[in-house]
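Report on one structure; see the data block that follows.
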Amino acid sequence: MTSLGDRLASAGYTLGWKLVCRLPESWARGAFLFVADIFWRRQGPRVMTLEGNLRRVLGPAATGKELRAMSRQTMRSYSRYWLEVFRLPVIPLERIMAGMHCAGEERLQANLAAGRGVIVALPHTGNYEQAGYWIINRGAGSFTTVMERLKPEALFQRFLAFREGLGMEVLPATGGARPFGILAQRLRAGRLVCLVSDRDVTGGGIEVEFFGEKARMMPGPAQLAVQTGAALLPVTLWFDGPGWGAQIYEEIPVPAEGTRREKVAAMT
């Protein structure tokens with residue numbers, strides 16, 4: 001049975017999609033920044049966790065004032081992401097295309113043109129829905145991705161329909177066919193696969209050093225590259241003024257030696 005909290009969350013997201021698209025953009029942006037600042041000032045558990053992570057990134061020399069300024073900027077960045085998710089259906093395609101500045105796109109396009117599959121490994125930064133919509137309209141065609149199954153089911157279906165409406169093929173991480181085999185098929189067919197991979201949602205992640213600390217990252221991108229021979233390209237995304245920025249880095253090659261597990265660990 002769906003809990004009251006889950007039903008309220010689903011209703012809230014649905015209302016957001018309907019209402020935010022109808023408001024003037026400046027009004028909606030101001031409201032989202034206002035809410036972000038409220039959560040930041042309250043310093044709840046999530047903001048405290050955020051600041052703990054930022055402390056590792058900024059280093060011990062950062063002052064408390066610098067840390068708080070960065071955490072506020074991060075909360076505002078997160079609110080912008082959600083504002084753009086809700087408004088993406090009404091943002092003109094011309095604005096999406098003109099506002100995106102990407103370095104290294106030729107690496108991705110050259111592999112696809114040669115019939116070789118490409119795995120894009122992304123972090124939770126910037127706006128990956130906007131970036132996906134952009135690359136589809138740059139001629140890469142539809143790509144395949146995996147989505148964590150949200151609760152309640154109605155909310156998951158809403159996000160699923162939204163992403164499919166942008167042109168993506170979306171596979172549920174659980175509750176359906178195992179996505180790894182389907183992703184491998186797409187890559188062997190010379191297609192594009194995009195995976196947000198900096199959060200271990202399965203508990204089976206690869207331990208890596210990340211800003212001087214141990215962290216677990218999803219091994220899926222590296223596993224797919226080893227299995228299929230597809231190109232593994234790391235990508236970072238960020239907000240660039242009113243537009244967006246992206247960097248597509250050089251391919252991470254499969255090591256010549258080592259066991260399969262060792263190769264995956266090294267690539268991750």
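Residues in the structure tokens are numbered from 1 in each chain, the chains being A, B, ... in the order shown, and ligands are numbered from 1 in the order shown.
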Report the residues of segment 58-170 of chain A whose backbone DSSP state falls under alpha helix (DSSP H), written as an MDAnalysis selection string.
-> chainID A and resid 58 64:87 93:99 105:113 128:135 153:165
Write out as a ChimeraX atom specification the residues lying within 7 Å of segment 30-46 of chain A, counting only C-alpha atoms and excluding same-chain residues fewer than 3 positions away.
-> /A:26-27,49-50,72,75-76,79,83
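Separating atom CA of Gly205 of chain A from atom CA of Ser77 of chain A is a distance of 26.7 Å.
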Excluding same-chain residues fewer than 5 positions from segment 250-258 of chain A, what lies within 7 Å of it counting only C-alpha atoms, as a ChimeraX atom specification?
-> /A:226,231-233,263,267
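Shortest separation to Gly204 of chain A among A:Gly99, A:Pro179, A:Ala265, A:Glu169 occurs at residue A:Ala265, atoms counted being only C-alpha atoms.
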May I have the residues within 9 Å of Val235 of chain A as a ChimeraX atom specification, using only C-alpha atoms and disregarding those fewer than 2 positions away in the same chain?
-> /A:120-123,233,237,246-249
Check the DSSP output for the backbone and give back, as a list in words, the residues of segment 27-179 of chain A in strand (DSSP E or B).
->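 These are the residues in question: Met100, His101, Cys102, Ala103, Val118, Ile119, Val120, Ala121, Leu122, Thr144, Thr145, Val146, Met147, Glu169, Val170, Leu171 and Pro172 of chain A.
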Minimum-distance residue to Ala140 of chain A, chosen among A:Ile96, A:Leu192, A:Gln73, A:Met48 (using only C-alpha atoms) = A:Leu192
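The spacing separating atom CA of Pro172 of chain A from atom CA of Ala184 of chain A amounts to 15.2 Å.
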For Glu129 of chain A, please output as a list in words all residues within 10 Å (counting only C-alpha atoms; exclusion window: fewer than 2 positions along the same chain).
->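 Neighbouring residues, sequence-local ones excluded: Tyr81, Glu84, Val85, Leu88, Gly126, Asn127, Ala131, Gly132, Tyr133, Trp134, Phe162, Arg163, Leu166 and Met168 of chain A.
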Atoms to include: all heavy atoms. Write the selected residues as a short mmCIF file (atom, residue, chain, number, x, y, z; two decimals), in the first residue's frame.
data_model
loop_
_atom_site.label_atom_id
_atom_site.label_comp_id
_atom_site.auth_asym_id
_atom_site.auth_seq_id
_atom_site.Cartn_x
_atom_site.Cartn_y
_atom_site.Cartn_z
N TYR A 81 18.54 22.93 -10.80
CA TYR A 81 18.34 21.67 -11.52
C TYR A 81 16.86 21.30 -11.54
O TYR A 81 16.30 20.99 -12.59
CB TYR A 81 19.16 20.55 -10.86
CG TYR A 81 18.70 19.17 -11.30
CD1 TYR A 81 19.00 18.69 -12.56
CD2 TYR A 81 17.93 18.38 -10.45
CE1 TYR A 81 18.54 17.45 -12.98
CE2 TYR A 81 17.48 17.14 -10.85
CZ TYR A 81 17.79 16.66 -12.11
OH TYR A 81 17.33 15.45 -12.52
N GLU A 84 14.76 23.54 -13.77
CA GLU A 84 14.92 23.24 -15.19
C GLU A 84 14.27 21.92 -15.57
O GLU A 84 13.76 21.77 -16.69
CB GLU A 84 16.40 23.23 -15.56
CG GLU A 84 17.02 24.62 -15.52
CD GLU A 84 18.47 24.64 -15.96
OE1 GLU A 84 19.04 23.55 -16.22
OE2 GLU A 84 19.03 25.74 -16.05
N VAL A 85 14.27 20.95 -14.66
CA VAL A 85 13.58 19.69 -14.93
C VAL A 85 12.10 19.95 -15.16
O VAL A 85 11.50 19.46 -16.13
CB VAL A 85 13.78 18.68 -13.78
CG1 VAL A 85 12.78 17.53 -13.88
CG2 VAL A 85 15.20 18.13 -13.81
N LEU A 88 11.78 22.08 -18.49
CA LEU A 88 12.41 21.64 -19.73
C LEU A 88 11.43 21.45 -20.88
O LEU A 88 11.74 21.77 -22.03
CB LEU A 88 13.21 20.36 -19.48
CG LEU A 88 14.28 20.00 -20.52
CD1 LEU A 88 15.27 21.15 -20.72
CD2 LEU A 88 15.02 18.73 -20.11
N GLY A 126 25.35 19.56 -12.58
CA GLY A 126 24.69 20.21 -13.71
C GLY A 126 23.29 19.68 -13.93
O GLY A 126 22.57 19.34 -12.99
N ASN A 127 22.92 19.56 -15.19
CA ASN A 127 21.58 19.09 -15.56
C ASN A 127 21.73 18.02 -16.61
O ASN A 127 21.91 18.31 -17.79
CB ASN A 127 20.73 20.26 -16.07
CG ASN A 127 19.29 19.86 -16.34
OD1 ASN A 127 18.98 18.69 -16.54
ND2 ASN A 127 18.40 20.83 -16.34
N ALA A 131 21.39 17.97 -20.80
CA ALA A 131 22.52 17.49 -21.60
C ALA A 131 22.10 16.33 -22.51
O ALA A 131 22.53 16.24 -23.67
CB ALA A 131 23.66 17.05 -20.69
N GLY A 132 21.24 15.45 -21.99
CA GLY A 132 20.76 14.35 -22.81
C GLY A 132 19.92 14.84 -23.98
O GLY A 132 20.06 14.35 -25.12
N TYR A 133 19.04 15.78 -23.71
CA TYR A 133 18.20 16.35 -24.77
C TYR A 133 19.08 17.03 -25.82
O TYR A 133 18.83 16.93 -27.02
CB TYR A 133 17.24 17.34 -24.13
CG TYR A 133 16.13 17.84 -25.03
CD1 TYR A 133 15.45 16.98 -25.88
CD2 TYR A 133 15.74 19.18 -25.01
CE1 TYR A 133 14.42 17.44 -26.69
CE2 TYR A 133 14.72 19.65 -25.81
CZ TYR A 133 14.07 18.78 -26.65
OH TYR A 133 13.06 19.24 -27.45
N TRP A 134 20.14 17.69 -25.35
CA TRP A 134 21.07 18.38 -26.26
C TRP A 134 21.79 17.39 -27.17
O TRP A 134 21.83 17.58 -28.38
CB TRP A 134 22.07 19.19 -25.44
CG TRP A 134 23.18 19.80 -26.24
CD1 TRP A 134 23.14 20.95 -26.97
CD2 TRP A 134 24.51 19.28 -26.40
NE1 TRP A 134 24.35 21.19 -27.58
CE2 TRP A 134 25.21 20.19 -27.24
CE3 TRP A 134 25.17 18.16 -25.91
CZ2 TRP A 134 26.54 19.98 -27.59
CZ3 TRP A 134 26.50 17.95 -26.26
CH2 TRP A 134 27.17 18.86 -27.10
N PHE A 162 8.58 11.45 -18.64
CA PHE A 162 9.29 12.70 -18.92
C PHE A 162 10.56 12.44 -19.70
O PHE A 162 10.82 13.07 -20.74
CB PHE A 162 9.61 13.39 -17.59
CG PHE A 162 10.63 14.49 -17.70
CD1 PHE A 162 10.37 15.64 -18.42
CD2 PHE A 162 11.85 14.38 -17.04
CE1 PHE A 162 11.31 16.66 -18.51
CE2 PHE A 162 12.79 15.39 -17.12
CZ PHE A 162 12.53 16.53 -17.85
N ARG A 163 11.39 11.50 -19.25
CA ARG A 163 12.66 11.22 -19.91
C ARG A 163 12.45 10.56 -21.27
O ARG A 163 13.16 10.88 -22.23
CB ARG A 163 13.54 10.36 -19.01
CG ARG A 163 14.08 11.17 -17.83
CD ARG A 163 14.81 10.36 -16.81
NE ARG A 163 15.43 11.24 -15.81
CZ ARG A 163 15.86 10.85 -14.63
NH1 ARG A 163 15.74 9.58 -14.27
NH2 ARG A 163 16.41 11.71 -13.79
N LEU A 166 11.73 13.07 -23.89
CA LEU A 166 12.89 13.80 -24.41
C LEU A 166 13.64 12.99 -25.46
O LEU A 166 14.54 13.53 -26.12
CB LEU A 166 13.85 14.14 -23.26
CG LEU A 166 13.31 15.06 -22.16
CD1 LEU A 166 14.34 15.23 -21.06
CD2 LEU A 166 12.92 16.42 -22.73
N MET A 168 14.87 9.62 -24.75
CA MET A 168 15.73 8.62 -24.13
C MET A 168 15.03 7.27 -24.04
O MET A 168 13.81 7.21 -23.89
CB MET A 168 16.12 9.06 -22.71
CG MET A 168 16.68 10.45 -22.59
SD MET A 168 16.96 10.88 -20.84
CE MET A 168 17.30 12.64 -20.99
#
Non-local contacts of Gly181 of chain A (12 Å; only C-alpha atoms; under 5 positions in same chain excluded) as a list in words | Leu171, Gly176, Arg186, Leu187, Arg188, Gly220, Gln223, Leu224, Gln227 and Thr228 of chain A
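Across the structure, atom CA of Phe156 of chain A and atom CA of Thr174 of chain A are spaced 11.7 Å apart.
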Pick out the closest residue to Leu15 of chain A from this set: A:Glu106, A:Phe86, A:Gly212, A:Arg29. Count only C-alpha atoms.
->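 Checking each candidate against Leu15 of chain A, we get A:Phe86 as the closest.
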